[in-house]
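As provided, entry.txt (compact mmCIF, C-alpha atoms) reads as follows.
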```txt
# COMPACT_ATOMS: atom_id res chain seq x y z
CA LYS A 294 -9.42 -60.51 -55.24
CA LEU A 295 -11.82 -63.48 -55.39
CA LYS A 296 -9.89 -66.71 -56.01
CA SER A 297 -12.58 -69.35 -55.69
CA LEU A 298 -16.36 -69.60 -55.30
CA LYS A 299 -17.73 -73.01 -54.37
CA LEU A 300 -21.00 -74.54 -53.19
CA THR A 301 -21.18 -77.10 -50.42
CA GLY A 302 -22.41 -80.59 -51.13
CA ALA A 303 -25.37 -82.28 -49.47
CA ASP A 304 -23.05 -83.19 -46.59
CA GLY A 305 -21.95 -79.57 -46.12
CA VAL A 306 -18.41 -80.26 -47.35
CA TYR A 307 -16.66 -77.93 -49.80
CA TRP A 308 -13.39 -77.93 -51.75
CA THR A 309 -11.63 -74.99 -53.32
CA ASP A 310 -9.73 -74.96 -56.58
CA ALA A 311 -5.97 -75.44 -56.47
CA MET A 312 -4.32 -72.15 -55.53
CA PRO A 313 -0.73 -70.89 -55.29
CA ALA A 314 0.90 -71.10 -51.86
CA GLY A 315 0.05 -68.18 -49.60
CA ASN A 316 -2.44 -66.82 -47.09
CA TYR A 317 -6.14 -66.65 -47.97
CA TYR A 318 -9.44 -65.72 -46.34
CA ALA A 319 -12.85 -67.36 -46.60
CA LEU A 320 -16.43 -66.34 -46.00
CA THR A 321 -19.88 -67.78 -46.54
CA TRP A 322 -22.79 -66.32 -48.44
CA ASN A 323 -25.92 -68.34 -47.82
CA ASN A 324 -29.65 -68.29 -48.36
CA PRO A 325 -31.66 -66.26 -45.82
CA GLY A 326 -31.96 -67.89 -42.45
CA TYR A 327 -28.37 -68.24 -41.25
CA VAL A 328 -25.87 -65.56 -40.33
CA SER A 329 -22.97 -65.48 -42.79
CA GLU A 330 -19.46 -65.72 -41.39
CA VAL A 331 -15.89 -65.00 -42.29
CA TYR A 332 -13.48 -67.68 -41.07
CA ALA A 333 -13.18 -68.32 -38.16
CA ASP A 334 -16.69 -67.83 -36.75
CA ILE A 335 -16.86 -64.05 -37.21
CA PRO A 336 -20.32 -62.73 -38.27
CA CYS A 337 -20.21 -61.16 -41.72
CA PHE A 338 -22.84 -58.73 -42.98
CA MET A 339 -23.29 -57.61 -46.56
CA ALA A 340 -19.95 -56.29 -47.84
CA CYS A 341 -17.79 -57.20 -44.83
CA ALA A 342 -14.03 -57.28 -45.24
CA PRO A 343 -12.78 -60.87 -45.71
CA MET A 344 -9.42 -59.89 -44.19
CA SER A 345 -11.17 -59.22 -40.89
CA GLY A 346 -11.08 -63.00 -40.47
CA THR A 347 -8.32 -65.49 -39.69
CA PRO A 348 -5.79 -66.09 -42.48
CA ILE A 349 -5.69 -69.58 -43.99
CA ALA A 350 -2.21 -70.79 -44.93
CA VAL A 351 -2.07 -72.83 -48.16
CA THR A 352 0.99 -74.94 -49.03
CA THR A 353 1.76 -76.24 -52.52
CA GLY A 354 0.76 -79.90 -52.94
CA LEU A 355 -1.14 -80.05 -49.64
CA THR A 356 -4.78 -79.66 -48.61
CA THR A 357 -5.48 -77.35 -45.69
CA SER A 358 -8.42 -78.97 -43.92
CA GLY A 359 -10.60 -78.05 -40.98
CA ILE A 360 -11.65 -74.66 -42.37
CA ALA A 361 -15.17 -75.11 -41.06
CA PHE A 362 -18.10 -72.75 -40.54
CA ALA A 363 -20.66 -73.33 -37.79
CA LEU A 364 -23.50 -71.07 -38.91
CA THR A 365 -26.15 -69.96 -36.46
CA PRO A 366 -29.80 -69.18 -37.23
CA GLY A 367 -30.44 -65.48 -37.59
CA GLY A 368 -33.43 -63.21 -37.88
CA GLN A 369 -34.45 -60.66 -40.49
CA PHE A 370 -36.69 -57.65 -40.82
CA SER A 371 -38.67 -56.48 -43.81
CA GLY A 372 -40.95 -53.69 -44.88
CA ARG A 373 -42.13 -51.47 -47.71
CA VAL A 374 -40.92 -48.07 -48.87
CA SER A 375 -43.63 -45.88 -50.38
CA ASN A 376 -44.73 -42.33 -51.16
CA VAL A 377 -46.92 -41.27 -48.23
CA ARG A 378 -49.18 -39.20 -50.48
CA SER A 379 -49.66 -41.42 -53.52
CA GLY A 380 -48.91 -44.81 -51.96
CA ASN A 381 -46.63 -45.61 -54.91
CA SER A 382 -43.66 -47.88 -54.29
CA PHE A 383 -39.99 -46.94 -54.42
CA TYR A 384 -38.02 -49.42 -56.52
CA GLY A 385 -34.35 -49.77 -55.61
CA MET A 386 -34.57 -47.57 -52.50
CA PRO A 387 -31.56 -48.24 -50.22
CA VAL A 388 -32.38 -49.11 -46.62
CA ARG A 389 -29.41 -48.88 -44.25
CA MET A 390 -29.12 -51.15 -41.20
CA PHE A 391 -27.44 -50.27 -37.90
CA GLU A 392 -26.56 -52.05 -34.69
CA ALA A 393 -27.82 -50.55 -31.42
CA SER A 394 -24.30 -49.14 -30.93
CA GLY A 395 -24.66 -47.14 -34.14
CA VAL A 396 -22.31 -49.29 -36.23
CA GLU A 397 -23.61 -49.59 -39.79
CA LEU A 398 -23.98 -53.17 -40.99
CA GLY A 399 -24.79 -52.58 -44.63
CA THR A 400 -27.54 -51.70 -47.05
CA THR A 401 -30.37 -53.60 -48.68
CA SER A 402 -32.73 -52.33 -51.40
CA SER A 403 -36.44 -52.43 -52.15
CA ASP A 404 -37.80 -54.45 -55.09
CA ILE A 405 -40.33 -53.35 -57.70
CA SER A 406 -43.15 -53.60 -55.13
CA GLY A 407 -41.22 -51.39 -52.71
CA THR A 408 -40.53 -54.35 -50.41
CA TYR A 409 -37.11 -55.00 -48.89
CA LEU A 410 -35.70 -57.87 -46.81
CA THR A 411 -32.49 -57.80 -44.81
CA PRO A 412 -30.00 -60.66 -44.73
CA ALA A 413 -29.97 -62.87 -41.65
CA LEU A 414 -28.77 -60.98 -38.58
CA PRO A 415 -27.78 -62.18 -35.11
CA PRO A 416 -30.63 -61.86 -32.60
CA GLY A 417 -30.71 -58.37 -31.13
CA THR A 418 -31.89 -54.80 -31.57
CA TYR A 419 -31.34 -52.81 -34.74
CA TYR A 420 -32.24 -49.50 -36.36
CA ALA A 421 -32.93 -48.61 -39.97
CA ARG A 422 -33.11 -45.54 -42.20
CA THR A 423 -33.61 -44.79 -45.87
CA ASP A 424 -30.97 -43.29 -48.15
CA ILE A 425 -32.79 -40.93 -50.47
CA SER A 426 -29.70 -39.74 -52.35
CA THR A 427 -31.12 -40.81 -55.73
CA TRP A 428 -34.56 -39.30 -55.04
CA GLY A 429 -33.73 -35.71 -54.13
CA THR A 430 -37.38 -34.63 -54.05
CA PHE A 431 -38.15 -36.78 -50.97
CA ALA A 432 -36.96 -36.61 -47.37
CA ASP A 433 -35.12 -39.45 -45.60
CA GLU A 434 -36.62 -41.16 -42.58
CA VAL A 435 -35.41 -43.30 -39.72
CA TYR A 436 -37.88 -46.00 -38.66
CA GLN A 437 -40.64 -45.30 -37.58
CA ASN A 438 -41.46 -42.44 -39.98
CA LEU A 439 -39.22 -39.92 -38.22
CA PRO A 440 -37.35 -37.24 -40.21
CA CYS A 441 -33.70 -38.08 -40.80
CA LEU A 442 -31.24 -35.45 -42.00
CA SER A 443 -27.97 -36.57 -43.58
CA ASP A 444 -26.23 -36.73 -40.20
CA CYS A 445 -29.12 -38.07 -38.13
CA THR A 446 -28.48 -40.60 -35.37
CA PRO A 447 -30.22 -43.90 -36.28
CA SER A 448 -30.93 -44.69 -32.61
CA THR A 449 -33.32 -41.74 -32.48
CA GLY A 450 -35.70 -44.03 -34.32
CA THR A 451 -37.78 -46.94 -33.08
CA PRO A 452 -35.75 -50.07 -32.22
CA ILE A 453 -36.31 -53.16 -34.34
CA VAL A 454 -36.06 -56.44 -32.42
CA VAL A 455 -34.88 -59.46 -34.40
CA SER A 456 -35.29 -63.06 -33.18
CA PRO A 457 -33.75 -66.30 -34.55
CA GLY A 458 -35.64 -67.93 -37.37
CA THR A 459 -38.19 -65.17 -37.75
CA VAL A 460 -38.81 -62.14 -39.98
CA THR A 461 -39.88 -58.97 -38.19
CA SER A 462 -42.26 -57.47 -40.73
CA LEU A 463 -43.98 -54.12 -41.32
CA ILE A 464 -40.81 -52.08 -40.82
CA ASP A 465 -42.21 -49.60 -43.33
CA PHE A 466 -41.14 -46.17 -44.53
CA ALA A 467 -43.77 -43.76 -45.90
CA LEU A 468 -41.67 -40.93 -47.30
CA GLU A 469 -42.77 -37.31 -47.52
CA PRO A 470 -41.81 -35.02 -50.40
CA SER A 471 -38.87 -32.88 -49.40
CA LEU A 472 -39.91 -29.51 -47.95
CA VAL A 473 -37.19 -27.63 -49.78
CA TRP A 474 -35.92 -28.65 -53.18
CA ASN A 475 -33.85 -26.46 -55.49
CA GLY A 476 -34.86 -23.41 -53.47
CA HIS A 477 -38.57 -24.20 -53.57
CA PHE A 478 -40.88 -25.84 -51.09
CA GLY A 479 -42.57 -29.04 -52.20
CA VAL A 480 -46.21 -29.32 -53.21
CA GLY A 481 -48.60 -28.84 -50.30
CA THR A 482 -46.18 -26.93 -48.06
CA SER A 483 -47.78 -23.48 -48.32
CA GLY A 484 -48.43 -23.58 -44.56
CA TRP A 485 -44.75 -23.87 -43.68
CA SER A 486 -42.27 -21.22 -42.57
CA LEU A 487 -38.64 -21.27 -41.56
CA TRP A 488 -37.94 -19.88 -38.11
CA ALA A 489 -34.92 -19.30 -35.93
CA ALA A 490 -34.66 -21.72 -33.00
CA PRO A 491 -34.88 -21.74 -30.05
CA ASN A 492 -36.62 -18.34 -30.29
CA THR A 493 -39.48 -18.98 -32.71
CA SER A 494 -40.55 -15.35 -32.59
CA ASP A 495 -37.72 -14.62 -35.05
CA MET A 496 -38.95 -15.59 -38.49
CA VAL A 497 -36.12 -16.17 -40.94
CA SER A 498 -38.16 -16.82 -44.05
CA ALA A 499 -41.62 -17.53 -45.37
CA VAL A 500 -43.34 -19.24 -48.27
CA VAL A 501 -44.61 -17.00 -51.03
CA ASN A 502 -46.15 -18.86 -53.97
CA GLY A 503 -44.10 -21.90 -53.03
CA VAL A 504 -40.79 -20.00 -53.17
CA PHE A 505 -38.43 -20.01 -50.20
CA GLU A 506 -37.91 -16.27 -49.54
CA PHE A 507 -35.59 -14.95 -46.81
CA SER A 508 -36.75 -11.97 -44.77
CA ARG A 509 -33.29 -11.22 -43.39
CA ALA A 510 -29.69 -12.18 -44.08
CA GLN A 511 -28.80 -13.96 -40.83
CA PRO A 512 -30.67 -15.26 -37.76
CA PRO A 513 -29.66 -13.97 -34.32
CA PRO A 514 -26.31 -15.28 -32.94
CA GLY A 515 -26.59 -18.62 -31.18
CA THR A 516 -29.66 -19.77 -33.10
CA THR A 517 -30.13 -22.39 -35.75
CA ASN A 518 -32.56 -22.66 -38.64
CA ARG A 519 -35.34 -25.19 -38.25
CA LEU A 520 -38.64 -25.88 -39.95
CA TYR A 521 -41.86 -25.62 -37.98
CA LYS A 522 -45.31 -26.30 -39.33
CA ASN A 523 -47.59 -23.28 -38.98
CA ASN A 524 -51.05 -24.55 -38.04
CA ARG A 525 -52.56 -21.24 -39.21
CA ASP A 526 -53.86 -20.53 -35.72
CA GLY A 527 -50.59 -19.22 -34.27
CA THR A 528 -49.47 -22.60 -32.85
CA PHE A 529 -46.55 -24.75 -34.02
```

Could I get this file's structure written as structure tokens?
Amino acid sequence: KLKSLKLTGADGVYWTDAMPAGNYYALTWNNPGYVSEVYADIPCFMACAPMSGTPIAVTTGLTTSGIAFALTPGGQFSGRVSNVRSGNSFYGMPVRMFEASGVELGTTSSDISGTYLTPALPPGTYYARTDISTWGTFADEVYQNLPCLSDCTPSTGTPIVVSPGTVTSLIDFALEPSLVWNGHFGVGTSGWSLWAAPNTSDMVSAVVNGVFEFSRAQPPPGTTNRLYKNNRDGTF
């Protein structure tokens, strides 16, 4: 539970309100440019857990001093989320951020123009994907415009390099309408079929008037269902 929220003065010094004796935790939340921290000197992204830091013991009638934060310059990345066909922006589209190890750091969202900006991050390599859960008629992507199913690995995308004091721009997502939605293929997908993989000679279903129609109950054992674009000339 939040006990105190204070701003630093021009000299960088802060004071909390008087609090009952006990152990507390502290973190910063600053304007873009510096990496936020939880005490003591642990990087803190988005909704990090304050109790991941060092406890601060408070005694009645005394001031616990020396609870300092030495913030380091970070980098950010930004981009735009749009409809690849119409060019229209997505407002409030979540963009999830990941470390190179695959650990998720948090989520930021696009504004009314479709633009998003991450908080300051330590210099390094990151990955990003959309979270289309509130727009079921579109398909998620991992940067750079690669399909991303619900369990996709973010590192299959293009790495995003972040440097101190800079914003890596043009990390854009141009989302395609979902191929299958409520049992129907999206607009413009009449040239698509669903095949059994890895043997693409076994067609599982086809598109008839935009409806996803199965031609048999189950694919052969050991195969999985995947979508392949039929180029109308027999190639995929």

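For Phe431 in chain A, the non-local neighbours within 7 Å, defined as residues at least 5 positions apart in the same chain or in other chains and counting all atoms listed in the file, are Ile425, Leu468, Glu469, Pro470 and Ser471 of chain A.
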
Draw an axis-aligned box over all listed atoms of range 374-387 of chain A, pad each side with 4 Å, and write its centre and edge lengths in Å, one decimal, as JSON.
```
{"center_x": -40.6, "center_y": -44.5, "center_z": -52.4, "size_x": 26.1, "size_y": 18.6, "size_z": 16.3}
```

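Between Ala350 in chain A and the residues A:Tyr317, A:Tyr436, A:Phe383, A:Phe391, the shortest atom-to-atom distance, using all atoms listed in the file, involves A:Tyr317.
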
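Here CA of Gly354 in chain A stands at a distance of 8.8 Å from CA of Ala311 in chain A.
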
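Going from CA of Val435 in chain A to CA of Gly407 in chain A covers 16.4 Å.
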
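Non-sequential neighbours of Gly380 in chain A (distance at most 10 Å, separation of 5 or more positions within a chain, all atoms listed in the file) are Val374, Ser375, Ala467 and Leu468 of chain A.
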
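Among the candidate residues A:Phe466, A:Phe370, A:Tyr420, A:Tyr318, the one lying nearest to Thr451 in chain A is A:Tyr420, with distances computed using all atoms listed in the file.
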
TODO: Check the smallest atom-to-atom distance from each of A:Thr423, A:Thr309, A:Thr418, A:Ser382 to Asp404 in chain A using all atoms listed in the file, then report the winner.
DONE: A:Ser382

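Reported to one decimal place, the separation of CA of Pro452 in chain A from CA of Ile335 in chain A is 24.0 Å.
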
- [ ] Show which residues sit within 12 Å of Ser456 in chain A, as an MDAnalysis selection string. Count all atoms listed in the file, and ignore same-chain residues fewer than 5 positions away.
- [x] chainID A and resid 326:327 365:370 413:419 461:462

Need to verify the contact set: Cys337 in chain A, 12 Å, only C-alpha atoms, exclusion of same-chain residues closer than 2 positions in sequence. Can you return it as a CSV table (one decimal) with C-alpha atoms, in the coordinates of the input?
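Below is the file that was written, part.csv:
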```
chain,number,residue,atom,x,y,z
A,319,ALA,CA,-12.8,-67.4,-46.6
A,320,LEU,CA,-16.4,-66.3,-46.0
A,321,THR,CA,-19.9,-67.8,-46.5
A,322,TRP,CA,-22.8,-66.3,-48.4
A,323,ASN,CA,-25.9,-68.3,-47.8
A,327,TYR,CA,-28.4,-68.2,-41.2
A,328,VAL,CA,-25.9,-65.6,-40.3
A,329,SER,CA,-23.0,-65.5,-42.8
A,330,GLU,CA,-19.5,-65.7,-41.4
A,331,VAL,CA,-15.9,-65.0,-42.3
A,332,TYR,CA,-13.5,-67.7,-41.1
A,333,ALA,CA,-13.2,-68.3,-38.2
A,334,ASP,CA,-16.7,-67.8,-36.8
A,335,ILE,CA,-16.9,-64.0,-37.2
A,339,MET,CA,-23.3,-57.6,-46.6
A,340,ALA,CA,-20.0,-56.3,-47.8
A,341,CYS,CA,-17.8,-57.2,-44.8
A,342,ALA,CA,-14.0,-57.3,-45.2
A,343,PRO,CA,-12.8,-60.9,-45.7
A,344,MET,CA,-9.4,-59.9,-44.2
A,345,SER,CA,-11.2,-59.2,-40.9
A,346,GLY,CA,-11.1,-63.0,-40.5
A,362,PHE,CA,-18.1,-72.8,-40.5
A,364,LEU,CA,-23.5,-71.1,-38.9
A,365,THR,CA,-26.2,-70.0,-36.5
A,367,GLY,CA,-30.4,-65.5,-37.6
A,398,LEU,CA,-24.0,-53.2,-41.0
A,399,GLY,CA,-24.8,-52.6,-44.6
A,412,PRO,CA,-30.0,-60.7,-44.7
A,413,ALA,CA,-30.0,-62.9,-41.6
A,414,LEU,CA,-28.8,-61.0,-38.6
A,415,PRO,CA,-27.8,-62.2,-35.1
```
